[in-house]
>>> print(open('upload23.txt').read())   # compact mmCIF, C-alpha atoms
# COMPACT_ATOMS: atom_id res chain seq x y z
CA MET A 1 -278.92 72.04 -90.75
CA ASP A 2 -280.83 69.12 -89.20
CA ASN A 3 -278.38 67.06 -87.13
CA ARG A 4 -280.92 64.47 -86.03
CA PRO A 5 -280.05 60.87 -87.00
CA SER A 6 -281.78 59.66 -90.12
CA THR A 7 -284.36 56.87 -90.04
CA ARG A 8 -281.85 54.67 -91.85
CA SER A 9 -279.14 55.19 -89.22
CA TYR A 10 -281.67 54.62 -86.42
CA CYS A 11 -282.81 51.32 -87.95
CA SER A 12 -279.21 50.28 -88.50
CA LYS A 13 -278.31 50.96 -84.87
CA ARG A 14 -281.40 49.09 -83.71
CA ARG A 15 -280.51 46.12 -85.91
CA GLN A 16 -276.93 46.09 -84.62
CA MET A 17 -278.13 46.15 -81.03
CA GLY A 18 -280.53 43.30 -81.77
CA GLU A 19 -277.73 41.23 -83.28
CA PHE A 20 -275.47 42.06 -80.33
CA ILE A 21 -278.00 40.91 -77.71
CA GLU A 22 -278.80 37.72 -79.64
CA ASP A 23 -275.09 36.90 -79.78
CA TYR A 24 -274.70 37.73 -76.08
CA VAL A 25 -277.55 35.46 -74.97
CA ASN A 26 -276.47 32.62 -77.28
CA LYS A 27 -273.01 32.61 -75.67
CA LEU A 28 -274.45 32.23 -72.18
CA SER A 29 -274.89 28.76 -70.75
CA ASN A 30 -278.34 27.99 -69.36
CA GLU A 31 -276.88 28.06 -65.86
CA GLU A 32 -275.39 31.52 -66.42
CA CYS A 33 -278.64 32.77 -67.91
CA ILE A 34 -280.64 31.53 -64.92
CA ASP A 35 -278.15 33.03 -62.48
CA LEU A 36 -278.28 36.45 -64.16
CA TYR A 37 -281.89 36.63 -65.33
CA ARG A 38 -283.73 33.85 -63.43
CA LEU A 39 -284.86 32.23 -66.69
CA ASP A 40 -283.09 29.85 -69.03
CA LYS A 41 -282.61 30.83 -72.67
CA ILE A 42 -285.85 29.17 -73.72
CA GLY A 43 -287.62 31.16 -71.03
CA VAL A 44 -286.13 34.46 -72.23
CA ASP A 45 -287.27 33.70 -75.77
CA HIS A 46 -290.72 32.74 -74.49
CA ILE A 47 -291.19 36.05 -72.71
CA CYS A 48 -289.92 37.94 -75.75
CA SER A 49 -292.42 36.18 -78.00
CA ARG A 50 -295.33 36.78 -75.60
CA ILE A 51 -294.84 40.52 -75.15
CA GLY A 52 -293.15 41.34 -78.46
CA GLU A 53 -296.40 42.56 -80.05
CA ASN A 54 -297.33 44.84 -77.16
CA MET A 55 -297.51 48.47 -78.28
CA LEU A 56 -295.23 49.62 -75.44
CA ILE A 57 -292.56 47.19 -76.62
CA LYS A 58 -292.95 47.99 -80.33
CA ARG A 59 -293.01 51.77 -80.10
CA LYS A 60 -290.25 53.75 -81.78
CA THR A 61 -290.07 56.51 -79.16
CA LYS A 62 -288.43 56.57 -75.74
CA ALA A 63 -286.91 53.09 -75.27
CA GLY A 64 -287.35 52.13 -78.92
CA LEU A 65 -285.13 49.10 -78.39
CA PRO A 66 -285.28 45.51 -79.65
CA VAL A 67 -287.62 43.41 -77.52
CA LYS A 68 -284.85 41.13 -76.22
CA VAL A 69 -282.82 44.13 -75.05
CA GLN A 70 -285.80 45.40 -73.09
CA VAL A 71 -286.54 41.98 -71.62
CA ILE A 72 -282.92 41.36 -70.58
CA VAL A 73 -282.71 44.74 -68.82
CA ALA A 74 -286.04 44.22 -67.04
CA LEU A 75 -285.19 40.65 -65.98
CA ARG A 76 -281.90 41.83 -64.53
CA TYR A 77 -283.75 44.48 -62.54
CA PHE A 78 -286.30 41.96 -61.28
CA ALA A 79 -283.52 39.57 -60.26
CA THR A 80 -281.36 42.09 -58.40
CA GLY A 81 -283.22 45.33 -57.72
CA ASN A 82 -280.09 47.12 -58.93
CA SER A 83 -280.17 50.86 -59.48
CA LEU A 84 -280.96 52.22 -62.93
CA GLN A 85 -277.42 53.53 -63.10
CA SER A 86 -276.00 50.01 -62.86
CA LEU A 87 -278.64 48.64 -65.27
CA ARG A 88 -277.21 50.84 -68.02
CA ASP A 89 -274.36 48.38 -68.55
CA VAL A 90 -276.39 45.16 -68.43
CA ALA A 91 -274.94 42.78 -71.01
CA GLY A 92 -272.50 45.55 -71.99
CA LEU A 93 -275.27 47.50 -73.73
CA LYS A 94 -274.23 50.97 -72.42
CA LEU A 95 -277.80 52.28 -72.41
CA SER A 96 -278.82 55.66 -71.12
CA ARG A 97 -280.44 55.77 -67.68
CA GLY A 98 -283.71 56.80 -69.32
CA SER A 99 -283.62 53.83 -71.67
CA ALA A 100 -283.05 51.40 -68.79
CA HIS A 101 -285.91 53.05 -66.90
CA ASN A 102 -288.28 52.67 -69.86
CA CYS A 103 -287.24 49.04 -70.44
CA VAL A 104 -288.38 48.10 -66.92
CA ILE A 105 -291.68 49.98 -67.30
CA ASN A 106 -292.43 48.61 -70.77
CA VAL A 107 -291.75 44.99 -69.89
CA SER A 108 -293.53 45.16 -66.52
CA VAL A 109 -296.70 46.68 -67.95
CA ALA A 110 -296.70 44.38 -71.00
CA LEU A 111 -295.99 41.18 -69.04
CA SER A 112 -298.46 41.93 -66.23
CA SER A 113 -301.24 42.17 -68.82
CA TYR A 114 -300.96 38.36 -69.19
CA VAL A 115 -301.71 37.70 -65.50
CA ASN A 116 -304.96 35.86 -66.27
CA GLU A 117 -303.04 33.33 -68.38
CA TYR A 118 -300.25 32.58 -65.91
CA VAL A 119 -301.96 33.06 -62.53
CA VAL A 120 -305.09 30.94 -62.73
CA TYR A 121 -307.37 29.12 -60.32
CA GLN A 122 -308.99 26.07 -61.88
CA TRP A 123 -312.61 25.91 -60.74
CA ASN A 124 -313.25 22.24 -61.55
CA ALA A 125 -313.55 19.06 -59.50
CA GLY A 126 -310.26 17.50 -60.66
CA SER A 127 -308.18 20.58 -59.91
CA ILE A 128 -309.91 21.14 -56.57
CA SER A 129 -309.15 17.54 -55.57
CA SER A 130 -305.47 18.02 -56.49
CA MET A 131 -305.38 21.29 -54.57
CA LYS A 132 -306.66 19.62 -51.41
CA GLN A 133 -304.06 16.85 -51.68
CA GLY A 134 -301.28 19.44 -51.63
CA PHE A 135 -301.90 20.34 -47.97
CA ASP A 136 -301.87 18.41 -44.70
CA PHE A 137 -304.84 20.37 -43.41
CA PRO A 138 -308.22 18.97 -44.55
CA GLY A 139 -310.26 20.64 -47.30
CA VAL A 140 -307.78 23.37 -48.24
CA LEU A 141 -308.56 25.22 -51.48
CA GLY A 142 -305.49 27.44 -51.17
CA ALA A 143 -303.37 29.38 -48.67
CA ILE A 144 -303.69 33.16 -48.50
CA ASP A 145 -301.38 35.88 -47.20
CA CYS A 146 -300.23 39.42 -47.91
CA THR A 147 -296.72 40.82 -48.24
CA LYS A 148 -295.34 44.37 -48.13
CA ILE A 149 -293.38 45.83 -51.03
CA LYS A 150 -291.40 49.02 -50.39
CA ILE A 151 -291.80 51.77 -52.99
CA LYS A 152 -290.70 55.37 -53.41
CA ALA A 153 -292.94 58.04 -51.92
CA PRO A 154 -296.06 58.46 -54.11
CA SER A 155 -296.97 61.92 -55.33
CA VAL A 156 -300.66 61.44 -54.47
CA ASP A 157 -302.19 60.16 -51.18
CA GLU A 158 -298.74 59.62 -49.72
CA ASP A 159 -300.05 58.97 -46.20
CA ALA A 160 -302.04 55.96 -47.38
CA TYR A 161 -298.80 54.17 -48.29
CA VAL A 162 -297.10 54.77 -44.93
CA SER A 163 -296.73 51.59 -42.94
CA ARG A 164 -295.58 50.89 -39.38
CA HIS A 165 -291.99 50.91 -40.53
CA PRO A 166 -290.21 53.85 -42.12
CA GLY A 167 -291.00 54.27 -45.81
CA HIS A 168 -293.90 53.69 -48.18
CA TYR A 169 -295.35 50.31 -49.09
CA LEU A 170 -297.81 48.38 -51.20
CA ASN A 171 -299.73 45.56 -49.53
CA CYS A 172 -300.03 42.71 -52.05
CA GLN A 173 -302.25 39.66 -51.58
CA VAL A 174 -301.42 36.21 -52.96
CA ILE A 175 -303.05 32.78 -52.81
CA CYS A 176 -300.95 29.70 -53.51
CA ASP A 177 -301.36 25.95 -53.95
CA GLY A 178 -299.37 23.17 -52.32
CA ASN A 179 -296.62 23.44 -54.95
CA LEU A 180 -295.89 27.10 -54.08
CA LYS A 181 -297.53 28.22 -57.31
CA PHE A 182 -299.65 31.35 -57.11
CA VAL A 183 -303.27 30.97 -58.18
CA ASP A 184 -304.38 34.54 -57.47
CA VAL A 185 -302.70 37.90 -56.96
CA VAL A 186 -303.98 41.35 -55.97
CA ALA A 187 -301.47 44.19 -56.25
CA LYS A 188 -303.10 47.62 -55.98
CA TRP A 189 -303.58 48.48 -52.31
CA PRO A 190 -301.54 50.98 -50.25
CA GLY A 191 -299.50 49.66 -47.34
CA SER A 192 -301.82 51.08 -44.69
CA VAL A 193 -304.70 48.84 -45.82
CA SER A 194 -305.04 45.67 -43.72
CA ASP A 195 -304.97 42.14 -45.09
CA ALA A 196 -308.60 41.59 -44.05
CA VAL A 197 -309.85 44.61 -45.99
CA ILE A 198 -308.01 43.54 -49.15
CA TRP A 199 -309.66 40.11 -48.90
CA GLU A 200 -313.13 41.61 -48.40
CA TYR A 201 -312.88 43.58 -51.65
CA CYS A 202 -311.04 41.12 -53.91
CA GLY A 203 -312.74 39.36 -56.81
CA PHE A 204 -311.55 35.91 -55.73
CA LYS A 205 -313.70 36.09 -52.58
CA LYS A 206 -316.91 36.39 -54.62
CA GLN A 207 -315.78 33.58 -56.95
CA LEU A 208 -315.04 31.35 -53.96
CA GLU A 209 -318.41 32.05 -52.34
CA ASP A 210 -320.28 31.34 -55.58
CA PHE A 211 -318.31 28.12 -56.11
CA LEU A 212 -318.86 26.85 -52.57
CA GLY A 213 -322.55 27.72 -52.83
CA CYS A 214 -322.92 25.28 -55.75
CA LEU A 215 -321.24 22.35 -54.01
CA PRO A 216 -322.79 19.67 -51.78
CA LYS A 217 -321.59 20.20 -48.21
CA GLU A 218 -319.53 17.00 -48.22
CA TYR A 219 -317.35 18.48 -51.01
CA SER A 220 -316.88 21.90 -49.46
CA GLY A 221 -313.53 23.47 -48.69
CA TRP A 222 -311.89 26.68 -47.53
CA LEU A 223 -308.82 28.85 -47.74
CA ILE A 224 -306.46 29.02 -44.80
CA GLY A 225 -304.94 32.26 -43.58
CA ASP A 226 -303.31 33.76 -40.50
CA SER A 227 -305.03 35.67 -37.71
CA GLY A 228 -304.98 38.86 -39.77
CA TYR A 229 -308.17 37.57 -41.40
CA ALA A 230 -311.64 37.11 -39.94
CA THR A 231 -312.70 33.48 -39.57
CA LYS A 232 -315.46 32.69 -42.06
CA GLU A 233 -316.92 29.60 -43.65
CA GLY A 234 -314.65 30.00 -46.68
CA LEU A 235 -311.51 31.17 -44.82
CA LEU A 236 -310.33 29.41 -41.69
CA THR A 237 -307.80 30.96 -39.32
CA PRO A 238 -306.00 29.63 -36.22
CA TYR A 239 -307.45 29.75 -32.71
CA LEU A 240 -306.09 32.75 -30.82
CA ASP A 241 -306.46 31.02 -27.45
CA CYS A 242 -306.56 27.22 -27.52
CA LYS A 243 -308.80 25.68 -24.88
CA SER A 244 -308.35 21.99 -25.72
CA VAL A 245 -305.85 19.50 -27.10
CA ALA A 246 -307.92 19.27 -30.29
CA GLU A 247 -307.63 23.02 -30.84
CA GLU A 248 -303.86 22.83 -30.32
CA LYS A 249 -303.65 20.03 -32.90
CA TYR A 250 -305.78 22.09 -35.27
CA ASN A 251 -303.43 25.06 -34.91
CA LYS A 252 -300.30 22.97 -35.49
CA CYS A 253 -301.72 21.39 -38.65
CA HIS A 254 -303.04 24.77 -39.82
CA LYS A 255 -299.61 26.35 -39.36
CA ARG A 256 -297.83 23.56 -41.26
CA SER A 257 -300.12 24.04 -44.23
CA ARG A 258 -300.20 27.83 -44.02
CA CYS A 259 -296.40 27.85 -44.21
CA LYS A 260 -296.81 26.98 -47.90
CA VAL A 261 -297.84 30.53 -48.76
CA GLU A 262 -295.18 32.02 -46.50
CA ARG A 263 -292.57 29.89 -48.26
CA ALA A 264 -293.98 30.82 -51.68
CA ILE A 265 -293.58 34.51 -50.84
CA GLY A 266 -290.04 33.85 -49.57
CA VAL A 267 -289.09 32.02 -52.77
CA LEU A 268 -290.64 34.81 -54.87
CA LYS A 269 -288.63 37.51 -53.10
CA SER A 270 -285.44 35.43 -53.14
CA ARG A 271 -285.75 34.83 -56.88
CA PHE A 272 -286.71 38.43 -57.68
CA GLN A 273 -284.88 40.56 -55.17
CA CYS A 274 -286.26 43.86 -56.42
CA LEU A 275 -289.21 42.94 -54.14
CA CYS A 276 -287.05 42.66 -51.02
CA LYS A 277 -286.33 45.98 -49.33
CA GLN A 278 -283.27 44.66 -47.49
CA ASN A 279 -281.61 43.91 -50.82
CA GLY A 280 -282.95 46.22 -53.51
CA GLY A 281 -284.34 48.93 -51.26
CA ALA A 282 -287.49 50.68 -52.42
CA ILE A 283 -288.77 50.12 -55.96
CA GLN A 284 -287.84 53.40 -57.65
CA PHE A 285 -290.90 53.62 -59.86
CA ASN A 286 -294.35 55.06 -59.31
CA GLU A 287 -296.94 52.96 -57.51
CA SER A 288 -298.75 51.73 -60.65
CA THR A 289 -295.48 50.50 -62.17
CA ALA A 290 -294.51 48.92 -58.84
CA CYS A 291 -297.78 46.96 -58.92
CA ALA A 292 -296.99 45.82 -62.49
CA ILE A 293 -293.49 44.78 -61.37
CA PHE A 294 -294.92 42.66 -58.55
CA VAL A 295 -297.45 40.97 -60.84
CA SER A 296 -294.73 40.37 -63.47
CA CYS A 297 -292.54 38.67 -60.86
CA VAL A 298 -295.47 36.46 -59.79
CA ILE A 299 -296.00 35.47 -63.45
CA LEU A 300 -292.32 34.63 -63.87
CA HIS A 301 -292.30 32.69 -60.59
CA ASN A 302 -295.17 30.52 -61.87
CA TYR A 303 -293.45 30.07 -65.22
CA CYS A 304 -290.30 28.88 -63.43
CA ILE A 305 -292.33 26.34 -61.42
CA ASP A 306 -294.10 25.06 -64.55
CA ARG A 307 -290.74 24.62 -66.29
CA ASN A 308 -288.89 23.32 -63.19
CA ILE A 309 -286.34 26.10 -63.54
CA SER A 310 -283.82 26.28 -60.72
CA GLU A 311 -285.48 25.72 -57.36
CA ILE A 312 -284.57 28.68 -55.15
CA ASP A 313 -283.71 28.54 -51.45
CA ILE A 314 -285.12 31.36 -49.35
CA LEU A 315 -282.31 33.82 -48.65
CA PRO A 316 -281.61 34.69 -44.99
CA HIS A 317 -282.37 38.40 -45.39
CA VAL A 318 -285.67 37.60 -47.11
CA ARG A 319 -286.60 35.26 -44.26
CA ARG A 320 -285.72 37.96 -41.70
CA GLU A 321 -287.84 40.53 -43.54
CA GLU A 322 -290.91 38.27 -43.65
CA GLU A 323 -290.49 37.35 -39.97
CA MET A 324 -290.31 41.06 -39.14
CA TRP A 325 -293.66 41.64 -40.87
CA MET A 326 -295.22 38.72 -39.03
CA GLU A 327 -294.03 40.02 -35.66
CA ASN A 328 -295.13 43.59 -36.24
CA PHE A 329 -298.41 43.11 -38.05
CA SER A 330 -300.05 39.95 -36.74
CA GLU A 331 -300.77 41.34 -33.28
CA ASN A 332 -302.25 44.52 -34.71
CA ASN A 333 -304.39 42.56 -37.16
CA ARG A 334 -305.65 40.39 -34.33
CA ARG A 335 -306.79 43.44 -32.37
CA ASP A 336 -308.43 45.02 -35.40
CA HIS A 337 -310.25 42.05 -36.90
CA CYS A 338 -310.76 39.16 -34.49
CA PHE A 339 -313.98 40.72 -33.18
CA THR A 340 -315.50 40.72 -36.68
CA ASP A 341 -315.62 36.90 -36.91
CA PRO A 342 -319.19 35.79 -37.69
CA LYS A 343 -320.75 32.86 -35.87
CA ALA A 344 -320.88 30.75 -39.05
CA GLY A 345 -317.07 30.87 -39.31
CA PHE A 346 -316.62 29.84 -35.68
CA ASP A 347 -319.10 26.99 -36.09
CA LYS A 348 -317.34 25.73 -39.22
CA ARG A 349 -313.97 25.78 -37.46
CA ALA A 350 -315.37 24.09 -34.34
CA LYS A 351 -316.98 21.30 -36.37
CA LEU A 352 -313.78 20.70 -38.35
CA THR A 353 -311.80 20.57 -35.11
CA SER A 354 -314.24 18.07 -33.64
CA ASP A 355 -314.34 15.87 -36.74
CA TRP A 356 -310.62 15.81 -37.61
CA PHE A 357 -308.54 16.61 -34.54
>>> encode(input="upload23.txt", output="structure tokens")
Amino acid sequence: MDNRPSTRSYCSKRRQMGEFIEDYVNKLSNEECIDLYRLDKIGVDHICSRIGENMLIKRKTKAGLPVKVQVIVALRYFATGNSLQSLRDVAGLKLSRGSAHNCVINVSVALSSYVNEYVVYQWNAGSISSMKQGFDFPGVLGAIDCTKIKIKAPSVDEDAYVSRHPGHYLNCQVICDGNLKFVDVVAKWPGSVSDAVIWEYCGFKKQLEDFLGCLPKEYSGWLIGDSGYATKEGLLTPYLDCKSVAEEKYNKCHKRSRCKVERAIGVLKSRFQCLCKQNGGAIQFNESTACAIFVSCVILHNYCIDRNISEIDILPHVRREEEMWMENFSENNRRDHCFTDPKAGFDKRAKLTSDWF
């Protein structure tokens, strides 16, 4: 005798779960929804509508759950980094561990596929002018930095993910504007790869070079980054050894503006604590899913900024973690990459220092 549930009973259970989660979300206040899931109720519905047609979300195998159930479980994971065991009881759903696991994967992969709609750099004169006005430092087209995300040990090329601290990491690059909104994200490199190498091989670098090549010199601009990057015409870094008052002023102004990206990363990790190893520990998914989780959190961060949803203060443990990376990696990056600075980058920095400081 076949004891498997009939299609009718499966559909009935799915419908009941859908009705349950709708009722659960409707009873939440917007404040409670933001506290638990980092989005208000409109935001939850928006994400459901965007990814609802994705084949991973619609499939009848594995998770096979209503879209809002999957989104609620994934959002709770993003917000807290809680273990899959504790995610089983999100919203009182009493899911299996496997179902919770698949919810996070499905939503992460589906949502990250929309990165080009939510994480966008506007290559036009009006947007570039607004970008420059968002920073104290002259001519800034964005602030760039990388951040480490702890993951479980990969099954392939494990050594490539080993960083200078115990564990395995991704090194993820972001560029932000003056409003802490991310305009570019690269999440695919192992933790052993330096910030400078990631920049050399990212698509944004070629776009920036092509854009700057089309502009009259008086309208030119540059990214700003820390000393982990080589100084170039399109990416200005601080002086490692100031020899004049003007260079000291340059460095102070550069640091004030560069702090925008450091703050953006801090807000991102405070809002979505699955990205912070001191809170959620390592992301317990494979490296490709971990990359999708990071990109999904960046998308949600930008959505929250666009909607003015709950400004987040950087949590103390997030601040400590980012300071730890700065202390341990900046000196190494300086040794590895400062000698690669081309003359054109030095000349650009020297002229800017002379003209503005």
>>> residues_around(input="upload23.txt", residues="stretch 118-128 of chain A", least_positions_apart="4", cutoff="6 Å", atoms="all atoms listed in the file", output="JSON, numbers by chain")
{"A": [183, 184, 299]}
>>> closest_atom_pairs(input="upload23.txt", of="stretch 199-264 of chain A", to="stretch 162-177 of chain A", cutoff="8 Å", atoms="only C-alpha atoms", output="Markdown table")
| residue | atom | partner | partner_atom | distance |
| --- | --- | --- | --- | --- |
| A:Trp199 | CA | A:Gln173 | CA | 7.9 |
| A:Lys260 | CA | A:Cys176 | CA | 7.5 |
| A:Val261 | CA | A:Cys176 | CA | 5.7 |
| A:Ala264 | CA | A:Cys176 | CA | 7.3 |
>>> write_last_selection(input="upload23.txt", atoms="C-alpha atoms", output="PDB file, keeping the file's coordinate frame")
ATOM      1  CA  TRP A 199    -309.660  40.110 -48.900  1.00  0.00           C
ATOM      2  CA  LYS A 260    -296.810  26.980 -47.900  1.00  0.00           C
ATOM      3  CA  VAL A 261    -297.840  30.530 -48.760  1.00  0.00           C
ATOM      4  CA  ALA A 264    -293.980  30.820 -51.680  1.00  0.00           C
TER       5      ALA A 264
END
>>> closest_residue(input="upload23.txt", among="A:Gly18, A:Gly213, A:Gly203, A:Gly228", to="A:Leu93", atoms="all atoms listed in the file")
A:Gly18
>>> closest_residue(input="upload23.txt", among="A:Lys150, A:Phe20, A:Asn82, A:Ala74", to="A:Ser108", atoms="only C-alpha atoms")
A:Ala74
>>> residues_around(input="upload23.txt", residues="stretch 100-104 of chain A", least_positions_apart="4", cutoff="8 Å", atoms="all atoms listed in the file", output="ChimeraX atom specification")
/A:62-63,70-71,73-74,77,84,87-88,95-96,108
>>> closest_residue(input="upload23.txt", among="A:Cys214, A:Leu180, A:Ala344, A:Val25", to="A:His301", atoms="all atoms listed in the file")
A:Leu180
>>> closest_residue(input="upload23.txt", among="A:Ile305, A:Leu65, A:Leu36, A:Leu141", to="A:Phe78", atoms="only C-alpha atoms")
A:Leu36
>>> closest_residue(input="upload23.txt", among="A:Val44, A:Thr237, A:Ser194, A:Gln16", to="A:Lys252", atoms="only C-alpha atoms")
A:Thr237
